[in-house]
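This report refers to the structure that appears directly beneath it.
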Amino acid sequence: MPLLFPNFRIHQVFGANTDVGKTLLTTALVRATASRYALSAKGKGKEVDDQKNVFYLKPVSTGPDEESDVSYVQRHTKPYSHLIDTHNLYQYREPMSPHLAAKLAPDLPFPKSNDELVRGIENYAVDCAKRLAGKEGALFVETAGGVHSPALHPPHTQSTFLRSLRLPSILIASPHLGGISTTLSSYESLIMRGYSISAVLCLYDSYYRNDDFLEGYFKDRGVGYWTVKPPPEKYGTLQEDAQRLAQWYAEVESQGSLEAGQGGVKDASDWLDVEHAQRIKELAGMPERTLKSVWWPFTQHGIINKKEDVMVIDSAFGDNFDAYYTKPPPITKSNSDEIATVPKEEGSLLNSYFDGSASWFTQSHGHANEELTIAAAKAAGRYGHVLFPSGTHQPALNLAEKLKQTVGKGWAERVFYSDNGSTGIEVALKMALRAAGRRYGYDSEMGGDHGVIGLRGGYHGDTIGSMDASEGSTFNKAVDWYKGRGHWFSPPMVQFINGRPTVSSTGPDAWATLPDSLASTSRPISDGWQVRFDDLQDIYSVQDRLSTPLADYYRSHIRANLERAIKDGKKFGALILEPTCLGAGGMVFVDPLFQTCLVQVVRASSDLFGGKAWKGKKYREDLEEVRNGWREKRKWRGVPVIYDEVFSGLHRFGYLSAASILKETPDIAVYAKILTGGLLPLSATVASTSIFNTFLSDSKVDALLHGHSYTANPIGCSVALKAIEILERQTWEQEKKMWDVELNDESKRWSFWIPMAVKNLSEIKGVKGSMAMGTVLAIELEETEGGGYASHFGLEFLNKLKQRIITSSDGSFSPFQIHGRPLGNVIYIMTSSFTKPQVLRAMERTILEELEKI
């Protein structure tokens with residue numbers, strides 16, 4: 001839950017190590033802040049008694065109560081006790097690392113998870129804000145030990161589990177021997193995890209003088225730095241020590257920056273207020289600045305043109321954005337020209353939004369994933385970016401070998417790197433068309449007359465070549481250079497319709513009457529037919545379905561259409577598919593049997609593609625060989641088959657590669673998006689031996705003359721390796737159990753979304769159909785005006801859904817709203833590969849409730 005209030009600033013205090021004066025200086029900051037509020041109130045002639053506006057929170061404390069940090073703050077802030085509230089969430093008796101101290105106190109309350117502790121911090125902060133009721137105030141949250149002190153639940157450290165709050169932080173530097181290194185390491189650790197450092201404070205040490213280096217270091221980086229005079233040494237009686245310490249506190253709270261060894265914390269305290277105001281001003285100004293400077297993708301600026309339309313993402317963590325929206329302008333009263341009074345803002349300026357589009361399909365590991373961040377930093381520090389042609393480096397080589405062992409297992413030989421999904425497809429098209437041209441003798445300057453075979457609704461990217469590999473649509477018709485090159489089949493789609501798994505044919509293709517054997521489970525519809533199934537798993541049992549009458553029907557339909565297309569003068573050099581689901585084209589789940597039959601027919605149709613020059617086998621003979629698996633997987637037949645798994649691959653849909661479902665491996669496959677866990681742009685085009693050999697000769701001009709400046713970027717490759725490694729550690733046992741799928745059963749389909757919820761959604765009036773697989777839930781809404789990408793129906797629903805605040809009754813997650821992007825009248829919500837089941841169940845209930853209102 002993001003915590004940013006207009007008049008209530010919150011800062012988190014980290015220490016570079018233990019024994020650096022963290023509690024000492026935090027107490028000084030608490031006093032200085034309270035002192036300023038007291039003086040401000042008196043200057044305005046106001047009473048300040050009983051008005052708590054400075055708060056101190058210690059989430060976890062160890063050691064006896066009388067020695068706790070809360071007790072210390074209480075003792076040394078007595079002049080302002082009427083203004084200060086202190087609180088401790090968890091206290092353990094033994095003075096040791098919190099995770100160990102908690103084990104030695106089984107009789108004391110213990111949070112079940114680190115998230116529960118974070119909820120406690122959130123709840124206390126929100127309670128403080130409510131008590132202030134819009135008045136000015138401040139909260140200091142003091143952490144335990146050093147930046148990487150263990151969390152209550154290892155192996156996480158506190159800098160990791162507190163990251164979801166992303167509170168502006170104060171770093172207490174170490175004044176001791178080795179303190180410069182310790183401080184810089186702590187600072188870099190916090191920065192690398194996405195924290196903002198508001199100030200660095202260091203106690204003065206006249207011998208080590210760490211401040212002499214640290215002050216320049218932090219000022220060069222634009223970070224406020226203050227050296228504070230050291231506290232008095234202990235000697236004499238306890239009472240005399242207490243008096244000297246009290247005098248020290250009185251001095252440092254009122255003193256600003258002075259000569260070496262004499263400074264206080266007043267300037268630092270004042271700066272925290274200034275910085276807080278600057279942060280809010282920056283957020284508030286960003287929407288208007290954006291509207292004046294930015295050209296958004298896939299956005300009509302004539303519609304999205306108001307400040308309140310702009311989502312300012314302050315940060316992102318896990319599944320969520322922490323985002324700011326400008327409040328709509330005040331409404332004029334209907335009975336006068338007087339402007340309605342806008343109530344003073346008391347809640348957080350930031351809201352938490354579930355990233356329902358997975359940031360345009362890229363997210364899978366959660367935003368700001370620590371392992372991916374460290375992998376990126378490691379490669380950035382070692383390489384930056386380096387030239388790749390005729391060279392190599394460890395991340396690129398290791399990733400190529402990993403891809404061959406995983407998505408390319410059994411068929412792939414080479415990996416070609418490029419920058420993103422669109423360019424990865426461009427590479428795949430160049431590979432496939434050149435390979436087909438050389439085999440069939442049309443490799444020349446006129447080779448561009450040859451197109452692709454694909455599916456209506458398929459979408460393969462925004463570059464000119466990748467757009468030409470899709471039918472004319474909203475996405476590409478407005479591009480002057482667009483020239484659709486190919487033939488596109490209307491795909492039969494899979495949905496739950498009225499509670500039953502169903503395969504429906506789609507238009508505008510003409511579909512023949514289904515075989516009589518399917519009469520009992522089928523019915524006619526405007527676009528052809530529907531076939532109902534008892535179990536979704538029956539649809540995805542492709543191996544069992546390949547010998548059914550529907551498979552024969554599909555093959556006949558496909559072959560007949562190809563024959564007509566070629567008779568009409570079309571020429572083909574590749575088959576390109578988004579396996580199992582057409583993403584940007586409407587989240588259409590395609591009958592996997594149809595796609596498998598399409599691959600088989602294309603591979604058996606060399607007689608069509610080779611024309612009169614073809615001297616090989618006839619279609620029926622070839623088809624028999626393909627169906628029986630007699631094809632060498634490293635050698636392409638018919639025309640090369642490209643699997644566009646930019647969106648779908650690497651466990652988006654609960655499988656590594658669609659080859660495990662379709663039972664046919666591709667000749668070329670493209671991966672991006674999830675490839676780097678959503679952190680960096682990188683794509684890999686994976687190819688078989690026979691595709692690679694097409695470009696192999698003694699002549700340079702025969703090479704694949706394609707490349708990008710950032711080809712095989714070491715940072716992207718390093719992150720991709722880590723992203724795959726993280727996914728390989730997952731079993732998704734709980735999710736598979738919901739769908740009655742055995743843990744190691746790769747033949748059956750499952751989803752993060754519960755089966756009954758998907759079924760129930762399809763039965764709601766106004767819903768045409770619903771479907772879920774892996775992380776994706778898709779819902780097609782009924783619309784009388786025809787639907788499609790140009791429809792605003794889905795956007796209207798998502799805007800209503802976004803207003804709902806989803807809460808947890810058991811505190812397992814922070815309140816959030818859902819941010820999504822529609823595909824016309826199709827709405828979809830996409831989780832990461834690690835979204836909590838509690839979050840999913842809450843979203844399912846909320847989506848169901850909102851749909852029932854339509």
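Quick note on naming: the chains in the structure tokens go A, B, ... in the order shown, residues restart at 1 in each chain, and ligands are numbered from 1 in order of appearance.
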Mind checking which residues fall within 12 Å of segment 422-426 of chain A, counting only C-alpha atoms, ignoring those fewer than 3 positions away in the same chain, and posting them as a VMD selection string?
-> chain A and resid 415 to 419 429 to 433 459 to 470 574 576 to 578 642 to 647 668 to 673 681 to 687 704 to 708 711
Just the residues within 10 Å of segment 266-275 of chain A, please, counting only C-alpha atoms, with nothing from its chain fewer than 5 positions along; format it as a ChimeraX atom specification.
-> /A:7-11,28-36,137-138,168,170,198-201,224-227,251-257,280-281
Contacts of Trp753 of chain A at 9 Å or less, counting only C-alpha atoms, minus same-chain residues fewer than 2 places along, as a PDB file with N, CA and C atoms, in the first residue's frame?
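As written to disk, out.pdb reads:
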```pdb
ATOM      1  N   GLU A 735      -1.932 -24.302  -7.884  1.00  0.00           N
ATOM      2  CA  GLU A 735      -2.739 -23.953  -9.051  1.00  0.00           C
ATOM      3  C   GLU A 735      -3.126 -25.203  -9.847  1.00  0.00           C
ATOM      4  N   MET A 738      -5.971 -27.131  -8.237  1.00  0.00           N
ATOM      5  CA  MET A 738      -7.300 -26.558  -8.472  1.00  0.00           C
ATOM      6  C   MET A 738      -7.929 -27.140  -9.736  1.00  0.00           C
ATOM      7  N   TRP A 750      -4.002 -25.974 -17.144  1.00  0.00           N
ATOM      8  CA  TRP A 750      -4.390 -25.441 -15.843  1.00  0.00           C
ATOM      9  C   TRP A 750      -4.215 -23.938 -15.850  1.00  0.00           C
ATOM     10  N   SER A 751      -4.697 -23.295 -14.814  1.00  0.00           N
ATOM     11  CA  SER A 751      -4.631 -21.841 -14.762  1.00  0.00           C
ATOM     12  C   SER A 751      -4.518 -21.362 -13.325  1.00  0.00           C
ATOM     13  N   PRO A 755     -11.291 -22.874 -11.816  1.00  0.00           N
ATOM     14  CA  PRO A 755     -12.195 -23.324 -12.883  1.00  0.00           C
ATOM     15  C   PRO A 755     -13.637 -22.848 -12.698  1.00  0.00           C
ATOM     16  N   MET A 756     -14.155 -22.921 -11.474  1.00  0.00           N
ATOM     17  CA  MET A 756     -15.541 -22.546 -11.249  1.00  0.00           C
ATOM     18  C   MET A 756     -15.773 -21.071 -11.550  1.00  0.00           C
ATOM     19  N   ALA A 757     -14.779 -20.230 -11.271  1.00  0.00           N
ATOM     20  CA  ALA A 757     -14.925 -18.805 -11.565  1.00  0.00           C
ATOM     21  C   ALA A 757     -15.022 -18.573 -13.069  1.00  0.00           C
ATOM     22  N   VAL A 758     -14.190 -19.272 -13.842  1.00  0.00           N
ATOM     23  CA  VAL A 758     -14.224 -19.124 -15.297  1.00  0.00           C
ATOM     24  C   VAL A 758     -15.578 -19.587 -15.836  1.00  0.00           C
ATOM     25  N   ALA A 772      -9.666 -19.234 -19.598  1.00  0.00           N
ATOM     26  CA  ALA A 772      -8.461 -18.999 -18.806  1.00  0.00           C
ATOM     27  C   ALA A 772      -7.457 -20.104 -19.078  1.00  0.00           C
ATOM     28  N   MET A 773      -6.198 -19.715 -19.119  1.00  0.00           N
ATOM     29  CA  MET A 773      -5.106 -20.672 -19.202  1.00  0.00           C
ATOM     30  C   MET A 773      -3.869 -20.008 -18.617  1.00  0.00           C
ATOM     31  N   GLY A 774      -3.150 -20.722 -17.788  1.00  0.00           N
ATOM     32  CA  GLY A 774      -1.964 -20.149 -17.176  1.00  0.00           C
ATOM     33  C   GLY A 774      -2.307 -18.904 -16.394  1.00  0.00           C
ATOM     34  N   THR A 775      -1.670 -17.807 -16.740  1.00  0.00           N
ATOM     35  CA  THR A 775      -1.856 -16.559 -15.999  1.00  0.00           C
ATOM     36  C   THR A 775      -2.993 -15.701 -16.549  1.00  0.00           C
ATOM     37  N   VAL A 776      -3.594 -16.094 -17.660  1.00  0.00           N
ATOM     38  CA  VAL A 776      -4.492 -15.213 -18.404  1.00  0.00           C
ATOM     39  C   VAL A 776      -5.961 -15.597 -18.221  1.00  0.00           C
ATOM     40  N   LEU A 777      -6.773 -14.576 -17.935  1.00  0.00           N
ATOM     41  CA  LEU A 777      -8.232 -14.702 -17.950  1.00  0.00           C
ATOM     42  C   LEU A 777      -8.760 -13.751 -19.020  1.00  0.00           C
ATOM     43  N   PRO A 837      -2.617 -16.570  -4.429  1.00  0.00           N
ATOM     44  CA  PRO A 837      -3.977 -17.087  -4.614  1.00  0.00           C
ATOM     45  C   PRO A 837      -5.044 -16.193  -3.976  1.00  0.00           C
ATOM     46  N   LEU A 840      -5.929 -13.441  -6.321  1.00  0.00           N
ATOM     47  CA  LEU A 840      -6.740 -13.934  -7.442  1.00  0.00           C
ATOM     48  C   LEU A 840      -8.185 -14.183  -7.037  1.00  0.00           C
ATOM     49  N   ARG A 841      -8.387 -14.805  -5.869  1.00  0.00           N
ATOM     50  CA  ARG A 841      -9.749 -15.074  -5.431  1.00  0.00           C
ATOM     51  C   ARG A 841     -10.522 -13.757  -5.232  1.00  0.00           C
ATOM     52  N   GLU A 844     -11.396 -12.372  -8.659  1.00  0.00           N
ATOM     53  CA  GLU A 844     -12.483 -13.148  -9.265  1.00  0.00           C
ATOM     54  C   GLU A 844     -13.835 -12.693  -8.727  1.00  0.00           C
TER      55      GLU A 844
END
```
Near-Val310 of chain A list (10 Å; only C-alpha atoms; drop same-chain fewer than 2 positions) as a list in words =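 Near neighbours after the sequence-gap exclusion: Met286, Pro287, Glu288, Thr290, Leu291, Ile304, Asn305, Lys306, Lys307, Glu308, Val312, Ile313, Ala323, Tyr324, Tyr325 and Thr326 of chain A.
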Just-selected residues, N, CA and C atoms written as a PDB file, in the first residue's frame:
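again-v8.pdb written:
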```
ATOM      1  N   MET A 286       3.357  16.332 -13.351  1.00  0.00           N
ATOM      2  CA  MET A 286       3.720  15.406 -14.428  1.00  0.00           C
ATOM      3  C   MET A 286       2.624  15.184 -15.468  1.00  0.00           C
ATOM      4  N   PRO A 287       1.341  15.093 -15.083  1.00  0.00           N
ATOM      5  CA  PRO A 287       0.316  14.877 -16.117  1.00  0.00           C
ATOM      6  C   PRO A 287       0.296  15.977 -17.178  1.00  0.00           C
ATOM      7  N   GLU A 288       0.320  17.233 -16.759  1.00  0.00           N
ATOM      8  CA  GLU A 288       0.280  18.321 -17.738  1.00  0.00           C
ATOM      9  C   GLU A 288       1.540  18.333 -18.590  1.00  0.00           C
ATOM     10  N   THR A 290       3.338  15.800 -19.365  1.00  0.00           N
ATOM     11  CA  THR A 290       3.241  14.647 -20.271  1.00  0.00           C
ATOM     12  C   THR A 290       2.356  14.963 -21.460  1.00  0.00           C
ATOM     13  N   LEU A 291       1.206  15.596 -21.208  1.00  0.00           N
ATOM     14  CA  LEU A 291       0.280  15.926 -22.285  1.00  0.00           C
ATOM     15  C   LEU A 291       0.908  16.882 -23.302  1.00  0.00           C
ATOM     16  N   ILE A 304      -7.907  10.912 -25.023  1.00  0.00           N
ATOM     17  CA  ILE A 304      -7.138  10.934 -23.765  1.00  0.00           C
ATOM     18  C   ILE A 304      -6.356  12.238 -23.734  1.00  0.00           C
ATOM     19  N   ASN A 305      -6.966  13.294 -23.197  1.00  0.00           N
ATOM     20  CA  ASN A 305      -6.356  14.622 -23.285  1.00  0.00           C
ATOM     21  C   ASN A 305      -6.532  15.470 -22.033  1.00  0.00           C
ATOM     22  N   LYS A 306      -6.936  14.856 -20.937  1.00  0.00           N
ATOM     23  CA  LYS A 306      -7.122  15.584 -19.690  1.00  0.00           C
ATOM     24  C   LYS A 306      -6.113  15.104 -18.659  1.00  0.00           C
ATOM     25  N   LYS A 307      -5.764  15.991 -17.734  1.00  0.00           N
ATOM     26  CA  LYS A 307      -4.777  15.632 -16.714  1.00  0.00           C
ATOM     27  C   LYS A 307      -5.214  14.408 -15.924  1.00  0.00           C
ATOM     28  N   GLU A 308      -6.519  14.311 -15.649  1.00  0.00           N
ATOM     29  CA  GLU A 308      -6.991  13.189 -14.843  1.00  0.00           C
ATOM     30  C   GLU A 308      -6.980  11.865 -15.603  1.00  0.00           C
ATOM     31  N   VAL A 312       0.237   8.536 -13.404  1.00  0.00           N
ATOM     32  CA  VAL A 312       1.637   8.767 -13.075  1.00  0.00           C
ATOM     33  C   VAL A 312       2.108   7.613 -12.198  1.00  0.00           C
ATOM     34  N   ILE A 313       2.972   6.768 -12.722  1.00  0.00           N
ATOM     35  CA  ILE A 313       3.469   5.611 -11.970  1.00  0.00           C
ATOM     36  C   ILE A 313       4.673   6.062 -11.146  1.00  0.00           C
ATOM     37  N   ALA A 323       0.489   4.466  -8.097  1.00  0.00           N
ATOM     38  CA  ALA A 323       0.217   5.472  -9.120  1.00  0.00           C
ATOM     39  C   ALA A 323      -0.584   6.646  -8.580  1.00  0.00           C
ATOM     40  N   TYR A 324      -0.376   7.781  -9.227  1.00  0.00           N
ATOM     41  CA  TYR A 324      -1.063   9.032  -8.877  1.00  0.00           C
ATOM     42  C   TYR A 324      -1.978   9.430 -10.025  1.00  0.00           C
ATOM     43  N   TYR A 325      -3.198   9.810  -9.696  1.00  0.00           N
ATOM     44  CA  TYR A 325      -4.129  10.388 -10.658  1.00  0.00           C
ATOM     45  C   TYR A 325      -4.549  11.768 -10.177  1.00  0.00           C
ATOM     46  N   THR A 326      -4.547  12.726 -11.078  1.00  0.00           N
ATOM     47  CA  THR A 326      -5.062  14.046 -10.755  1.00  0.00           C
ATOM     48  C   THR A 326      -6.548  13.950 -10.459  1.00  0.00           C
TER      49      THR A 326
END
```
Mind running segment 450-474 of chain A against segment 599-616 of chain A at 12 Å and telling me each contacting residue's nearest atom pair with the distance in Å (one decimal), counting only C-alpha atoms, chain and number ascending, as a tab-separated table?
```
residue	atom	partner	partner_atom	distance
A:His450	CA	A:Phe609	CA	10.2
A:Gly451	CA	A:Phe609	CA	11.3
A:Val452	CA	A:Val602	CA	11.1
A:Ile453	CA	A:Val602	CA	8.9
A:Gly454	CA	A:Val599	CA	10.4
A:Leu455	CA	A:Val599	CA	11.9
```
Just to be explicit: take each residue in the selection above, keep C-alpha atoms, and write the result as a tab-separated table (two decimals), in the first residue's frame.
```
chain	number	residue	atom	x	y	z
A	450	HIS	CA	5.72	-14.65	-51.65
A	451	GLY	CA	3.69	-14.26	-48.49
A	452	VAL	CA	2.78	-16.22	-45.38
A	453	ILE	CA	0.02	-18.49	-44.18
A	454	GLY	CA	-1.46	-17.43	-40.85
A	455	LEU	CA	-4.60	-16.86	-38.80
```
Secondary structure check, strand (DSSP E) residues of segment 503-586 of chain A, as a PyMOL selection string = chain A and resi 503-504+522-525+528-532+572-577+581-582
Convert the current residue selection to file output with C-alpha atoms, as a PDB file, in the first residue's frame.
```
ATOM      1  CA  VAL A 503     -15.116 -24.814 -29.807  1.00  0.00           C
ATOM      2  CA  SER A 504     -16.709 -22.314 -32.207  1.00  0.00           C
ATOM      3  CA  SER A 522     -22.759 -29.490 -32.125  1.00  0.00           C
ATOM      4  CA  ARG A 523     -25.120 -26.768 -33.247  1.00  0.00           C
ATOM      5  CA  PRO A 524     -25.133 -24.235 -36.094  1.00  0.00           C
ATOM      6  CA  ILE A 525     -24.263 -20.561 -35.446  1.00  0.00           C
ATOM      7  CA  GLY A 528     -20.603 -21.836 -38.859  1.00  0.00           C
ATOM      8  CA  TRP A 529     -20.866 -24.205 -35.938  1.00  0.00           C
ATOM      9  CA  GLN A 530     -20.159 -24.892 -32.279  1.00  0.00           C
ATOM     10  CA  VAL A 531     -19.006 -28.154 -30.730  1.00  0.00           C
ATOM     11  CA  ARG A 532     -19.519 -28.607 -26.977  1.00  0.00           C
ATOM     12  CA  PHE A 572       3.763 -18.797 -49.861  1.00  0.00           C
ATOM     13  CA  GLY A 573       7.103 -19.037 -48.119  1.00  0.00           C
ATOM     14  CA  ALA A 574       6.170 -19.597 -44.452  1.00  0.00           C
ATOM     15  CA  LEU A 575       3.483 -20.531 -41.962  1.00  0.00           C
ATOM     16  CA  ILE A 576       3.377 -18.221 -38.942  1.00  0.00           C
ATOM     17  CA  LEU A 577       1.272 -18.900 -35.845  1.00  0.00           C
ATOM     18  CA  CYS A 581      -3.789 -17.958 -28.217  1.00  0.00           C
ATOM     19  CA  LEU A 582      -3.921 -14.860 -30.416  1.00  0.00           C
TER      20      LEU A 582
END
```
In terms of the shortest atom-to-atom distance over only C-alpha atoms, which of A:Leu546, A:Val126, A:Ala703, A:Val228 is closest to Ala260 of chain A?
->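 Selected residue with least distance to Ala260 of chain A: A:Val228.
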Would you kindly return, as a list in words, each protein, DNA or RNA residue with an atom no farther than 12 Å from any atom of His557 of chain A, considering only C-alpha atoms and excluding same-chain residues fewer than 6 positions away?
->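 Here the qualifying residues turn out to be Phe489, Ser490, Pro491, Pro492, Ser505, Asp509, Ala510, Trp511, Ala512, Thr513, Leu514, Leu550, Ala551, Glu563, Arg564, Phe594, Cys597, Leu598 and Val601 of chain A.
Each of A:Asn628, A:Ser68, A:Ser196, A:Asn114 was checked against Ser812 of chain A using only C-alpha atoms; the smallest atom-to-atom distance is that of A:Asn114.
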Find the spatial neighbours of Glu664 of chain A, counting only C-alpha atoms, within a cut-off of 8 Å - ignore same-chain residues fewer than 3 positions away - and output them as number ranges by chain.
-> A: 596, 599, 659-660
Just C-alpha atoms for this one: save the residues we selected as a PDB file, in the first residue's frame.
```pdb
ATOM      1  CA  THR A 596      -1.816 -28.875 -35.329  1.00  0.00           C
ATOM      2  CA  VAL A 599       0.977 -27.400 -39.423  1.00  0.00           C
ATOM      3  CA  ALA A 659       5.078 -27.710 -29.021  1.00  0.00           C
ATOM      4  CA  SER A 660       4.119 -29.733 -25.931  1.00  0.00           C
TER       5      SER A 660
END
```
Would you give me, as number ranges by chain, the residues in segment 242-457 of chain A that DSSP reads as helix (DSSP H, G or I)?
-> A: 242-254, 266-293, 307-309, 358-361, 370-382, 394-405, 421-440, 445-449
Quick one: everything within 10 Å of Glu733 of chain A, counting only C-alpha atoms, minus sequence neighbours fewer than 4 positions away in the same chain. Send it as a CSV table (one decimal) with N, CA and C atoms, in the first residue's frame.
```csv
chain,number,residue,atom,x,y,z
A,737,LYS,N,-3.4,-28.2,-8.7
A,737,LYS,CA,-4.4,-29.0,-7.9
A,737,LYS,C,-5.8,-28.5,-8.1
A,738,MET,N,-6.0,-27.1,-8.2
A,738,MET,CA,-7.3,-26.6,-8.5
A,738,MET,C,-7.9,-27.1,-9.7
A,741,VAL,N,-4.9,-31.4,-11.9
A,741,VAL,CA,-3.8,-31.8,-12.8
A,741,VAL,C,-2.6,-32.2,-11.8
A,742,GLU,N,-2.1,-33.4,-12.1
A,742,GLU,CA,-1.0,-33.9,-11.4
A,742,GLU,C,0.2,-33.0,-11.5
A,743,LEU,N,1.1,-33.0,-10.5
A,743,LEU,CA,2.2,-32.1,-10.5
A,743,LEU,C,3.1,-32.2,-11.7
A,744,ASN,N,3.4,-33.4,-12.1
A,744,ASN,CA,4.3,-33.6,-13.3
A,744,ASN,C,3.6,-33.9,-14.6
```
Residue nearest Phe834 of chain A among A:Lys567, A:Ala16, A:Arg414, A:Gln363 (counting only C-alpha atoms) | A:Gln363
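Among the candidates A:Gly145, A:Gly120, A:Gly486, A:Gly391, the one nearest to Gln158 of chain A when counting only C-alpha atoms is A:Gly145.
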